[in-house]
>>> print(open('model30.pdb').read())   # PDB, C-alpha atoms and all ligand atoms
ATOM      1  CA  MET A  30      88.546 138.321  91.552
ATOM      2  CA  MET A  31      85.715 135.989  92.368
ATOM      3  CA  HIS A  32      83.714 134.504  89.460
ATOM      4  CA  ARG A  33      80.112 135.784  89.370
ATOM      5  CA  ASP A  34      78.680 132.275  89.831
ATOM      6  CA  ILE A  35      80.630 131.721  93.039
ATOM      7  CA  GLU A  36      78.983 132.427  96.374
ATOM      8  CA  GLN A  37      82.041 132.076  98.573
ATOM      9  CA  ILE A  38      85.679 131.093  98.305
ATOM     10  CA  LEU A  39      86.279 128.021 100.462
ATOM     11  CA  TYR A  40      90.038 127.635  99.886
ATOM     12  CA  THR A  41      92.275 130.240  98.348
ATOM     13  CA  GLU A  42      95.181 129.467  96.039
ATOM     14  CA  GLU A  43      97.565 129.958  98.927
ATOM     15  CA  GLU A  44      95.647 127.612 101.241
ATOM     16  CA  LEU A  45      95.533 124.970  98.522
ATOM     17  CA  ARG A  46      99.236 125.337  97.858
ATOM     18  CA  ARG A  47     100.117 124.921 101.510
ATOM     19  CA  ARG A  48      97.879 121.912 102.052
ATOM     20  CA  VAL A  49      99.094 120.153  98.912
ATOM     21  CA  ARG A  50     102.673 120.726 100.024
ATOM     22  CA  ASP A  51     101.831 119.098 103.397
ATOM     23  CA  LEU A  52     100.299 116.086 101.666
ATOM     24  CA  GLY A  53     103.412 115.742  99.520
ATOM     25  CA  ALA A  54     105.611 115.867 102.626
ATOM     26  CA  GLN A  55     103.514 113.158 104.275
ATOM     27  CA  ILE A  56     103.825 110.946 101.214
ATOM     28  CA  ASN A  57     107.590 111.577 101.045
ATOM     29  CA  ALA A  58     107.914 110.368 104.625
ATOM     30  CA  ASP A  59     105.563 107.389 104.311
ATOM     31  CA  TYR A  60     107.062 106.117 101.056
ATOM     32  CA  ALA A  61     110.725 106.892 101.716
ATOM     33  CA  GLY A  62     112.907 104.521  99.685
ATOM     34  CA  ARG A  63     109.977 103.365  97.553
ATOM     35  CA  LYS A  64     108.740 104.324  94.106
ATOM     36  CA  PRO A  65     105.031 104.911  94.302
ATOM     37  CA  LEU A  66     102.809 105.048  91.266
ATOM     38  CA  LEU A  67     100.426 107.996  91.355
ATOM     39  CA  ALA A  68      97.218 107.181  89.506
ATOM     40  CA  SER A  69      95.049 110.174  88.834
ATOM     41  CA  VAL A  70      91.324 109.731  88.372
ATOM     42  CA  LEU A  71      90.396 112.260  85.730
ATOM     43  CA  ARG A  72      89.105 114.637  84.978
ATOM     44  CA  GLY A  73      88.591 116.423  88.282
ATOM     45  CA  SER A  74      91.983 115.578  89.769
ATOM     46  CA  PHE A  75      94.194 116.946  87.013
ATOM     47  CA  ILE A  76      95.252 120.135  88.772
ATOM     48  CA  PHE A  77      95.642 118.512  92.185
ATOM     49  CA  MET A  78      97.647 115.709  90.556
ATOM     50  CA  ALA A  79      99.992 118.179  88.877
ATOM     51  CA  ASP A  80     100.619 120.069  92.106
ATOM     52  CA  LEU A  81     100.839 116.976  94.323
ATOM     53  CA  THR A  82     103.324 115.291  91.984
ATOM     54  CA  ARG A  83     105.585 118.315  92.240
ATOM     55  CA  ALA A  84     105.344 118.226  96.038
ATOM     56  CA  ILE A  85     106.771 114.686  96.079
ATOM     57  CA  ASP A  86     110.512 114.196  95.750
ATOM     58  CA  LEU A  87     110.621 110.398  95.457
ATOM     59  CA  ASP A  88     111.062 108.471  92.202
ATOM     60  CA  VAL A  89     107.361 108.551  91.357
ATOM     61  CA  THR A  90     105.704 107.480  88.170
ATOM     62  CA  VAL A  91     102.337 108.793  87.044
ATOM     63  CA  ASP A  92      99.404 107.289  85.225
ATOM     64  CA  PHE A  93      95.879 108.397  84.470
ATOM     65  CA  MET A  94      92.422 106.988  84.135
ATOM     66  CA  VAL A  95      89.173 108.559  83.106
ATOM     67  CA  VAL A  96      86.155 107.584  85.081
ATOM     68  CA  SER A  97      82.727 109.052  84.897
ATOM     69  CA  SER A  98      79.836 108.842  87.301
ATOM     70  CA  TYR A  99      78.013 112.165  87.464
ATOM     71  CA  GLY A 100      76.847 113.284  84.039
ATOM     72  CA  ALA A 101      75.463 116.798  84.259
ATOM     73  CA  GLY A 102      73.765 116.354  87.629
ATOM     74  CA  THR A 103      74.976 117.378  91.069
ATOM     75  CA  VAL A 104      74.307 113.973  92.631
ATOM     76  CA  SER A 105      76.189 110.765  91.823
ATOM     77  CA  SER A 106      74.137 108.339  89.777
ATOM     78  CA  GLY A 107      75.955 105.348  91.226
ATOM     79  CA  GLN A 108      76.942 104.294  87.719
ATOM     80  CA  VAL A 109      80.688 104.199  87.257
ATOM     81  CA  GLU A 110      82.292 103.772  83.908
ATOM     82  CA  ILE A 111      85.994 103.425  83.060
ATOM     83  CA  LYS A 112      86.316 105.504  79.925
ATOM     84  CA  LYS A 113      90.097 105.281  79.776
ATOM     85  CA  ASP A 114      92.072 102.766  81.772
ATOM     86  CA  LEU A 115      95.571 103.109  83.236
ATOM     87  CA  SER A 116      98.268 102.678  80.602
ATOM     88  CA  ASP A 117     100.643 100.483  82.617
ATOM     89  CA  SER A 118     100.456  97.428  84.835
ATOM     90  CA  ILE A 119     100.150  98.080  88.573
ATOM     91  CA  GLU A 120     101.165  94.582  89.645
ATOM     92  CA  GLY A 121     103.604  94.746  92.540
ATOM     93  CA  ARG A 122     103.486  98.544  92.631
ATOM     94  CA  ASP A 123     102.763 100.864  95.539
ATOM     95  CA  LEU A 124      99.713 102.544  94.119
ATOM     96  CA  ILE A 125      98.369 105.895  95.292
ATOM     97  CA  ILE A 126      95.022 106.805  93.801
ATOM     98  CA  VAL A 127      94.721 110.558  93.425
ATOM     99  CA  GLU A 128      91.197 111.980  93.528
ATOM    100  CA  ASP A 129      89.817 115.481  93.739
ATOM    101  CA  ILE A 130      86.797 114.580  95.833
ATOM    102  CA  LEU A 131      85.463 111.645  97.788
ATOM    103  CA  ASP A 132      81.715 112.027  98.047
ATOM    104  CA  SER A 133      79.300 109.054  98.112
ATOM    105  CA  GLY A 134      82.295 106.763  97.709
ATOM    106  CA  ASN A 135      80.732 104.993  94.711
ATOM    107  CA  THR A 136      83.562 105.774  92.333
ATOM    108  CA  LEU A 137      86.358 104.630  94.622
ATOM    109  CA  TYR A 138      84.452 101.651  95.961
ATOM    110  CA  TYR A 139      84.160 100.359  92.453
ATOM    111  CA  LEU A 140      87.681 101.357  91.427
ATOM    112  CA  MET A 141      89.305  99.784  94.466
ATOM    113  CA  GLU A 142      87.696  96.493  93.595
ATOM    114  CA  VAL A 143      88.924  96.652  90.012
ATOM    115  CA  LEU A 144      92.450  97.769  90.965
ATOM    116  CA  ARG A 145      92.917  95.347  93.862
ATOM    117  CA  ALA A 146      92.308  92.478  91.460
ATOM    118  CA  ARG A 147      95.402  93.595  89.531
ATOM    119  CA  LYS A 148      97.624  92.736  92.533
ATOM    120  CA  PRO A 149      99.454  95.935  93.409
ATOM    121  CA  ALA A 150     101.800  95.655  96.427
ATOM    122  CA  SER A 151      99.703  98.293  98.208
ATOM    123  CA  ILE A 152      96.929 100.779  97.500
ATOM    124  CA  ARG A 153      96.246 104.047  99.254
ATOM    125  CA  ILE A 154      93.832 106.826  98.442
ATOM    126  CA  CYS A 155      94.796 110.488  98.413
ATOM    127  CA  THR A 156      91.900 112.879  97.983
ATOM    128  CA  LEU A 157      92.007 116.641  98.061
ATOM    129  CA  MET A 158      88.458 116.956  99.406
ATOM    130  CA  ASP A 159      86.423 114.610 101.533
ATOM    131  CA  LYS A 160      82.686 114.917 102.195
ATOM    132  CA  PRO A 161      82.201 112.199 104.822
ATOM    133  CA  GLU A 162      78.573 113.225 105.475
ATOM    134  CA  ARG A 163      77.590 112.018 102.048
ATOM    135  CA  ARG A 164      79.185 108.595 102.169
ATOM    136  CA  THR A 165      77.046 105.617 101.194
ATOM    137  CA  LYS A 166      79.923 103.164 100.602
ATOM    138  CA  PRO A 167      82.517 101.996 103.159
ATOM    139  CA  ILE A 168      85.457 103.944 101.756
ATOM    140  CA  THR A 169      87.944 106.124 103.620
ATOM    141  CA  ALA A 170      90.928 107.983 102.236
ATOM    142  CA  ASP A 171      94.429 107.598 103.632
ATOM    143  CA  TYR A 172      95.389 111.178 102.787
ATOM    144  CA  VAL A 173      92.808 113.958 102.908
ATOM    145  CA  GLY A 174      93.483 117.568 102.002
ATOM    146  CA  PHE A 175      90.313 119.067 103.419
ATOM    147  CA  THR A 176      87.237 117.627 105.080
ATOM    148  CA  ILE A 177      84.393 119.735 103.785
ATOM    149  CA  PRO A 178      80.680 120.266 104.405
ATOM    150  CA  ASP A 179      78.047 119.177 101.910
ATOM    151  CA  ALA A 180      78.119 122.213  99.619
ATOM    152  CA  PHE A 181      78.439 122.193  95.848
ATOM    153  CA  ILE A 182      82.028 123.171  95.229
ATOM    154  CA  VAL A 183      83.920 123.908  92.042
ATOM    155  CA  GLY A 184      87.343 125.106  90.947
ATOM    156  CA  TYR A 185      90.923 123.763  91.090
ATOM    157  CA  GLY A 186      89.846 120.997  88.713
ATOM    158  CA  LEU A 187      86.310 120.460  89.998
ATOM    159  CA  ASP A 188      83.451 121.220  87.656
ATOM    160  CA  TYR A 189      79.780 121.762  87.372
ATOM    161  CA  ASP A 190      78.634 120.681  83.933
ATOM    162  CA  GLU A 191      82.288 120.828  82.790
ATOM    163  CA  LYS A 192      82.654 124.486  83.790
ATOM    164  CA  TYR A 193      84.750 126.212  86.468
ATOM    165  CA  ARG A 194      87.621 123.682  86.450
ATOM    166  CA  ASN A 195      90.008 126.532  85.679
ATOM    167  CA  LEU A 196      89.272 128.601  88.785
ATOM    168  CA  PRO A 197      92.509 128.733  90.799
ATOM    169  CA  TYR A 198      90.604 128.525  94.121
ATOM    170  CA  VAL A 199      87.885 126.213  95.444
ATOM    171  CA  GLY A 200      84.561 127.974  95.764
ATOM    172  CA  VAL A 201      80.945 127.253  96.606
ATOM    173  CA  LEU A 202      78.690 127.496  93.568
ATOM    174  CA  LYS A 203      75.624 129.745  93.842
ATOM    175  CA  PRO A 204      72.539 127.494  94.082
ATOM    176  CA  SER A 205      70.849 129.598  91.368
ATOM    177  CA  VAL A 206      73.427 128.247  88.906
ATOM    178  CA  TYR A 207      72.349 124.641  89.319
ATOM    179  CA  GLY A 208      68.673 125.501  89.506
ATOM    180  CA  LYS A 209      67.695 125.663  93.174
TER     181      LYS A 209
HETATM  182  C1  LIG A 301      83.864 113.209  90.764
HETATM  183  C2  LIG A 301      85.198 113.001  91.469
HETATM  184  C3  LIG A 301      85.152 111.559  91.881
HETATM  185  C4  LIG A 301      83.692 111.304  92.102
HETATM  186  C5  LIG A 301      83.426 111.298  93.562
HETATM  187  O1  LIG A 301      84.009 112.850  89.435
HETATM  188  O2  LIG A 301      86.278 113.279  90.637
HETATM  189  O3  LIG A 301      85.664 110.731  90.869
HETATM  190  O4  LIG A 301      82.968 112.341  91.458
HETATM  191  O5  LIG A 301      82.084 111.070  93.851
HETATM  192  P1  LIG A 301      81.559 109.759  94.553
HETATM  193  O6  LIG A 301      82.401 109.548  95.786
HETATM  194  O7  LIG A 301      80.138 110.122  94.884
HETATM  195  O8  LIG A 301      81.665 108.634  93.594
HETATM  196  P2  LIG A 301      82.968 113.223  88.285
HETATM  197  O9  LIG A 301      82.153 112.018  87.964
HETATM  198  O10 LIG A 301      82.255 114.483  88.655
HETATM  199  O11 LIG A 301      83.884 113.430  87.030
HETATM  200  P3  LIG A 301      85.095 114.457  86.794
HETATM  201  O12 LIG A 301      86.258 113.945  87.632
HETATM  202  O13 LIG A 301      85.348 114.346  85.334
HETATM  203  O14 LIG A 301      84.670 115.826  87.207
END
>>> encode(input="model30.pdb", output="structure tokens")
Amino acid sequence: MMHRDIEQILYTEEELRRRVRDLGAQINADYAGRKPLLASVLRGSFIFMADLTRAIDLDVTVDFMVVSSYGAGTVSSGQVEIKKDLSDSIEGRDLIIVEDILDSGNTLYYLMEVLRARKPASIRICTLMDKPERRTKPITADYVGFTIPDAFIVGYGLDYDEKYRNLPYVGVLKPSVYGK
């Protein structure tokens, strides 16, 4: 059943499952013999992170950080704040940053700078969704689940005003919901 605030389902549960499995397989192949550290940028990535981690069969470790840039708006303010940092050191580690969506690139541009300074052995970005049209910072992801058009999407961890994260699919929000 589609939520009443959703205009259209972009990716069903099954499509998400399949794509996340593919990403996991790619990471298994690329990091064979290594022990990558998956660092999830909360909150949006929590569901993707949980599914991706289970699609990887290497000796992975996980860590989490909370970053905020949007507030209640639909457009990034450009202000990025680390509200909770990673718990462990990343020095010498093969770091994979796990994001739900790469939009303007502000968040990751800033984060990459901060994390690079901590001297990991390598850093790659894995994002479930990529909106390249909206990019204002020179950031590209190494692993992309879906390249999507510039629509306001929610579900599978993604919110609008903290709602809809629990939808099992990714859907386009009705413009009437965010006041257009
Ligand atoms: C979203 C998303 C990314 C960021 C991407 O987070 O999780 O971190 O925006 O946008 P950008 O490329 O324009 O910086 P948000 O601030 O909405 O917080 P959330 O993860 O708690 O939903």
>>> resolve_selection(input="model30.pdb", expression="the PyMOL selection byres (((chain A and resi 67) around 12) and not hetatm)", output="PyMOL selection string")
chain A and resi 53+56+60+64-66+68-70+74-75+77-79+81-83+85+87-94+115+117+119+122-128+151-156
>>> atom_distance(input="model30.pdb", atom1="CA of Pro161 in chain A", atom2="CA of Ile130 in chain A")
10.4 Å
>>> residues_near_ligand(input="model30.pdb", ligand="ligand LIG 301 (chain A)", cutoff="10 Å", atoms="all atoms listed in the file", output="JSON, numbers by chain")
{"A": [69, 70, 71, 72, 73, 74, 75, 94, 95, 96, 97, 98, 99, 100, 101, 102, 103, 104, 105, 106, 107, 108, 109, 110, 127, 128, 129, 130, 131, 132, 133, 134, 135, 136, 137, 138, 139, 140, 156, 157, 158, 159, 160, 161, 163, 164, 165, 166, 168, 183, 186, 187, 188, 189, 190, 191, 192, 194]}
>>> atom_distance(input="model30.pdb", atom1="CA of Thr41 in chain A", atom2="CA of Phe181 in chain A")
16.2 Å
>>> residues_around(input="model30.pdb", residues="Lys203 in chain A", least_positions_apart="5", cutoff="8 Å", atoms="all atoms listed in the file", output="ChimeraX atom specification")
/A:34-36
>>> write_last_selection(input="model30.pdb", atoms="C-alpha atoms", output="PDB file, in the coordinates of the input")
ATOM      1  CA  ASP A  34      78.680 132.275  89.831  1.00  0.00           C
ATOM      2  CA  ILE A  35      80.630 131.721  93.039  1.00  0.00           C
ATOM      3  CA  GLU A  36      78.983 132.427  96.374  1.00  0.00           C
TER       4      GLU A  36
END
>>> closest_residue(input="model30.pdb", among="A:Met30, A:Val199, A:Met141, A:Val173", to="Leu52 in chain A", atoms="all atoms listed in the file")
A:Val173
>>> residues_around(input="model30.pdb", residues="Tyr198 in chain A", least_positions_apart="4", cutoff="8 Å", atoms="only C-alpha atoms", output="NGL selection string")
:A and (38-42 or 45 or 184-185)
>>> closest_residue(input="model30.pdb", among="A:Val143, A:Ile76, A:Ala84, A:Ala150", to="Ala58 in chain A", atoms="all atoms listed in the file")
A:Ala84
>>> atom_distance(input="model30.pdb", atom1="CA of Gly121 in chain A", atom2="CA of Lys148 in chain A")
6.3 Å
>>> decode(input="model30.pdb", residues="range 158-198 of chain A", atoms="N, CA and C atoms", output="PDB file, in the first residue's frame")
ATOM      1  N   MET A 158      21.594   6.728  -3.365  1.00  0.00           N
ATOM      2  CA  MET A 158      21.006   7.590  -4.395  1.00  0.00           C
ATOM      3  C   MET A 158      21.980   8.694  -4.762  1.00  0.00           C
ATOM      4  N   ASP A 159      21.997   9.034  -6.012  1.00  0.00           N
ATOM      5  CA  ASP A 159      22.841  10.137  -6.472  1.00  0.00           C
ATOM      6  C   ASP A 159      21.985  11.051  -7.351  1.00  0.00           C
ATOM      7  N   LYS A 160      22.035  12.350  -7.020  1.00  0.00           N
ATOM      8  CA  LYS A 160      21.342  13.360  -7.836  1.00  0.00           C
ATOM      9  C   LYS A 160      22.397  14.270  -8.463  1.00  0.00           C
ATOM     10  N   PRO A 161      23.061  13.811  -9.508  1.00  0.00           N
ATOM     11  CA  PRO A 161      24.183  14.582 -10.063  1.00  0.00           C
ATOM     12  C   PRO A 161      23.792  15.975 -10.561  1.00  0.00           C
ATOM     13  N   GLU A 162      22.552  16.114 -11.016  1.00  0.00           N
ATOM     14  CA  GLU A 162      22.069  17.425 -11.508  1.00  0.00           C
ATOM     15  C   GLU A 162      22.201  18.532 -10.487  1.00  0.00           C
ATOM     16  N   ARG A 163      22.146  18.165  -9.221  1.00  0.00           N
ATOM     17  CA  ARG A 163      22.088  19.168  -8.172  1.00  0.00           C
ATOM     18  C   ARG A 163      23.461  19.504  -7.579  1.00  0.00           C
ATOM     19  N   ARG A 164      24.483  18.894  -8.096  1.00  0.00           N
ATOM     20  CA  ARG A 164      25.800  19.036  -7.480  1.00  0.00           C
ATOM     21  C   ARG A 164      26.359  20.447  -7.582  1.00  0.00           C
ATOM     22  N   THR A 165      26.828  20.972  -6.461  1.00  0.00           N
ATOM     23  CA  THR A 165      27.520  22.262  -6.465  1.00  0.00           C
ATOM     24  C   THR A 165      28.963  22.110  -5.988  1.00  0.00           C
ATOM     25  N   LYS A 166      29.301  20.912  -5.467  1.00  0.00           N
ATOM     26  CA  LYS A 166      30.669  20.657  -4.998  1.00  0.00           C
ATOM     27  C   LYS A 166      31.260  19.497  -5.810  1.00  0.00           C
ATOM     28  N   PRO A 167      32.576  19.524  -6.032  1.00  0.00           N
ATOM     29  CA  PRO A 167      33.209  18.466  -6.836  1.00  0.00           C
ATOM     30  C   PRO A 167      33.341  17.155  -6.069  1.00  0.00           C
ATOM     31  N   ILE A 168      32.248  16.436  -5.979  1.00  0.00           N
ATOM     32  CA  ILE A 168      32.216  15.169  -5.239  1.00  0.00           C
ATOM     33  C   ILE A 168      31.543  14.119  -6.126  1.00  0.00           C
ATOM     34  N   THR A 169      32.187  12.960  -6.246  1.00  0.00           N
ATOM     35  CA  THR A 169      31.534  11.841  -6.933  1.00  0.00           C
ATOM     36  C   THR A 169      31.632  10.614  -6.030  1.00  0.00           C
ATOM     37  N   ALA A 170      30.644   9.752  -6.147  1.00  0.00           N
ATOM     38  CA  ALA A 170      30.641   8.537  -5.333  1.00  0.00           C
ATOM     39  C   ALA A 170      31.304   7.403  -6.110  1.00  0.00           C
ATOM     40  N   ASP A 171      31.915   6.484  -5.373  1.00  0.00           N
ATOM     41  CA  ASP A 171      32.557   5.337  -6.000  1.00  0.00           C
ATOM     42  C   ASP A 171      31.547   4.215  -6.250  1.00  0.00           C
ATOM     43  N   TYR A 172      30.554   4.134  -5.390  1.00  0.00           N
ATOM     44  CA  TYR A 172      29.480   3.151  -5.550  1.00  0.00           C
ATOM     45  C   TYR A 172      28.158   3.896  -5.483  1.00  0.00           C
ATOM     46  N   VAL A 173      27.340   3.724  -6.512  1.00  0.00           N
ATOM     47  CA  VAL A 173      26.044   4.408  -6.557  1.00  0.00           C
ATOM     48  C   VAL A 173      24.955   3.374  -6.790  1.00  0.00           C
ATOM     49  N   GLY A 174      23.954   3.386  -5.916  1.00  0.00           N
ATOM     50  CA  GLY A 174      22.823   2.477  -6.103  1.00  0.00           C
ATOM     51  C   GLY A 174      21.986   2.907  -7.298  1.00  0.00           C
ATOM     52  N   PHE A 175      21.472   4.119  -7.225  1.00  0.00           N
ATOM     53  CA  PHE A 175      20.607   4.633  -8.281  1.00  0.00           C
ATOM     54  C   PHE A 175      20.929   6.096  -8.570  1.00  0.00           C
ATOM     55  N   THR A 176      21.011   6.433  -9.831  1.00  0.00           N
ATOM     56  CA  THR A 176      21.143   7.828 -10.231  1.00  0.00           C
ATOM     57  C   THR A 176      19.727   8.319 -10.500  1.00  0.00           C
ATOM     58  N   ILE A 177      19.333   9.362  -9.775  1.00  0.00           N
ATOM     59  CA  ILE A 177      17.924   9.743  -9.807  1.00  0.00           C
ATOM     60  C   ILE A 177      17.728  11.184 -10.259  1.00  0.00           C
ATOM     61  N   PRO A 178      16.537  11.483 -10.771  1.00  0.00           N
ATOM     62  CA  PRO A 178      16.221  12.861 -11.160  1.00  0.00           C
ATOM     63  C   PRO A 178      15.987  13.733  -9.926  1.00  0.00           C
ATOM     64  N   ASP A 179      15.874  15.019 -10.141  1.00  0.00           N
ATOM     65  CA  ASP A 179      15.728  15.963  -9.045  1.00  0.00           C
ATOM     66  C   ASP A 179      14.286  16.029  -8.547  1.00  0.00           C
ATOM     67  N   ALA A 180      13.852  14.970  -7.879  1.00  0.00           N
ATOM     68  CA  ALA A 180      12.519  14.958  -7.268  1.00  0.00           C
ATOM     69  C   ALA A 180      12.716  14.821  -5.765  1.00  0.00           C
ATOM     70  N   PHE A 181      11.726  15.218  -4.996  1.00  0.00           N
ATOM     71  CA  PHE A 181      11.862  15.082  -3.543  1.00  0.00           C
ATOM     72  C   PHE A 181      11.449  13.690  -3.130  1.00  0.00           C
ATOM     73  N   ILE A 182      12.431  12.883  -2.742  1.00  0.00           N
ATOM     74  CA  ILE A 182      12.150  11.486  -2.442  1.00  0.00           C
ATOM     75  C   ILE A 182      12.289  11.191  -0.952  1.00  0.00           C
ATOM     76  N   VAL A 183      11.508  10.237  -0.516  1.00  0.00           N
ATOM     77  CA  VAL A 183      11.502   9.814   0.884  1.00  0.00           C
ATOM     78  C   VAL A 183      11.373   8.292   0.954  1.00  0.00           C
ATOM     79  N   GLY A 184      11.595   7.770   2.149  1.00  0.00           N
ATOM     80  CA  GLY A 184      11.430   6.336   2.383  1.00  0.00           C
ATOM     81  C   GLY A 184      12.769   5.620   2.448  1.00  0.00           C
ATOM     82  N   TYR A 185      12.767   4.389   2.964  1.00  0.00           N
ATOM     83  CA  TYR A 185      13.980   3.574   3.094  1.00  0.00           C
ATOM     84  C   TYR A 185      15.067   4.383   3.807  1.00  0.00           C
ATOM     85  N   GLY A 186      14.662   5.101   4.841  1.00  0.00           N
ATOM     86  CA  GLY A 186      15.600   5.899   5.631  1.00  0.00           C
ATOM     87  C   GLY A 186      15.538   7.388   5.358  1.00  0.00           C
ATOM     88  N   LEU A 187      15.100   7.773   4.170  1.00  0.00           N
ATOM     89  CA  LEU A 187      15.072   9.201   3.826  1.00  0.00           C
ATOM     90  C   LEU A 187      13.800   9.868   4.337  1.00  0.00           C
ATOM     91  N   ASP A 188      13.974  11.091   4.829  1.00  0.00           N
ATOM     92  CA  ASP A 188      12.850  11.771   5.470  1.00  0.00           C
ATOM     93  C   ASP A 188      12.440  13.056   4.756  1.00  0.00           C
ATOM     94  N   TYR A 189      11.292  13.533   5.135  1.00  0.00           N
ATOM     95  CA  TYR A 189      10.964  14.944   5.001  1.00  0.00           C
ATOM     96  C   TYR A 189      10.475  15.373   6.382  1.00  0.00           C
ATOM     97  N   ASP A 190      11.180  16.327   6.974  1.00  0.00           N
ATOM     98  CA  ASP A 190      10.806  16.787   8.301  1.00  0.00           C
ATOM     99  C   ASP A 190      10.696  15.610   9.286  1.00  0.00           C
ATOM    100  N   GLU A 191      11.652  14.703   9.186  1.00  0.00           N
ATOM    101  CA  GLU A 191      11.762  13.514  10.049  1.00  0.00           C
ATOM    102  C   GLU A 191      10.672  12.455   9.833  1.00  0.00           C
ATOM    103  N   LYS A 192       9.814  12.652   8.843  1.00  0.00           N
ATOM    104  CA  LYS A 192       8.786  11.639   8.586  1.00  0.00           C
ATOM    105  C   LYS A 192       9.169  10.765   7.386  1.00  0.00           C
ATOM    106  N   TYR A 193       8.484   9.679   7.244  1.00  0.00           N
ATOM    107  CA  TYR A 193       8.543   8.758   6.099  1.00  0.00           C
ATOM    108  C   TYR A 193       9.787   7.863   6.052  1.00  0.00           C
ATOM    109  N   ARG A 194      10.666   7.947   7.071  1.00  0.00           N
ATOM    110  CA  ARG A 194      11.880   7.127   7.020  1.00  0.00           C
ATOM    111  C   ARG A 194      11.538   5.638   7.026  1.00  0.00           C
ATOM    112  N   ASN A 195      10.386   5.316   7.599  1.00  0.00           N
ATOM    113  CA  ASN A 195      10.000   3.914   7.766  1.00  0.00           C
ATOM    114  C   ASN A 195       9.362   3.287   6.531  1.00  0.00           C
ATOM    115  N   LEU A 196       9.100   4.055   5.491  1.00  0.00           N
ATOM    116  CA  LEU A 196       8.505   3.440   4.299  1.00  0.00           C
ATOM    117  C   LEU A 196       9.504   2.434   3.726  1.00  0.00           C
ATOM    118  N   PRO A 197       9.045   1.238   3.378  1.00  0.00           N
ATOM    119  CA  PRO A 197       9.986   0.212   2.907  1.00  0.00           C
ATOM    120  C   PRO A 197      10.459   0.429   1.465  1.00  0.00           C
ATOM    121  N   TYR A 198       9.815   1.357   0.759  1.00  0.00           N
ATOM    122  CA  TYR A 198      10.178   1.674  -0.634  1.00  0.00           C
ATOM    123  C   TYR A 198      10.676   3.118  -0.682  1.00  0.00           C
TER     124      TYR A 198
END
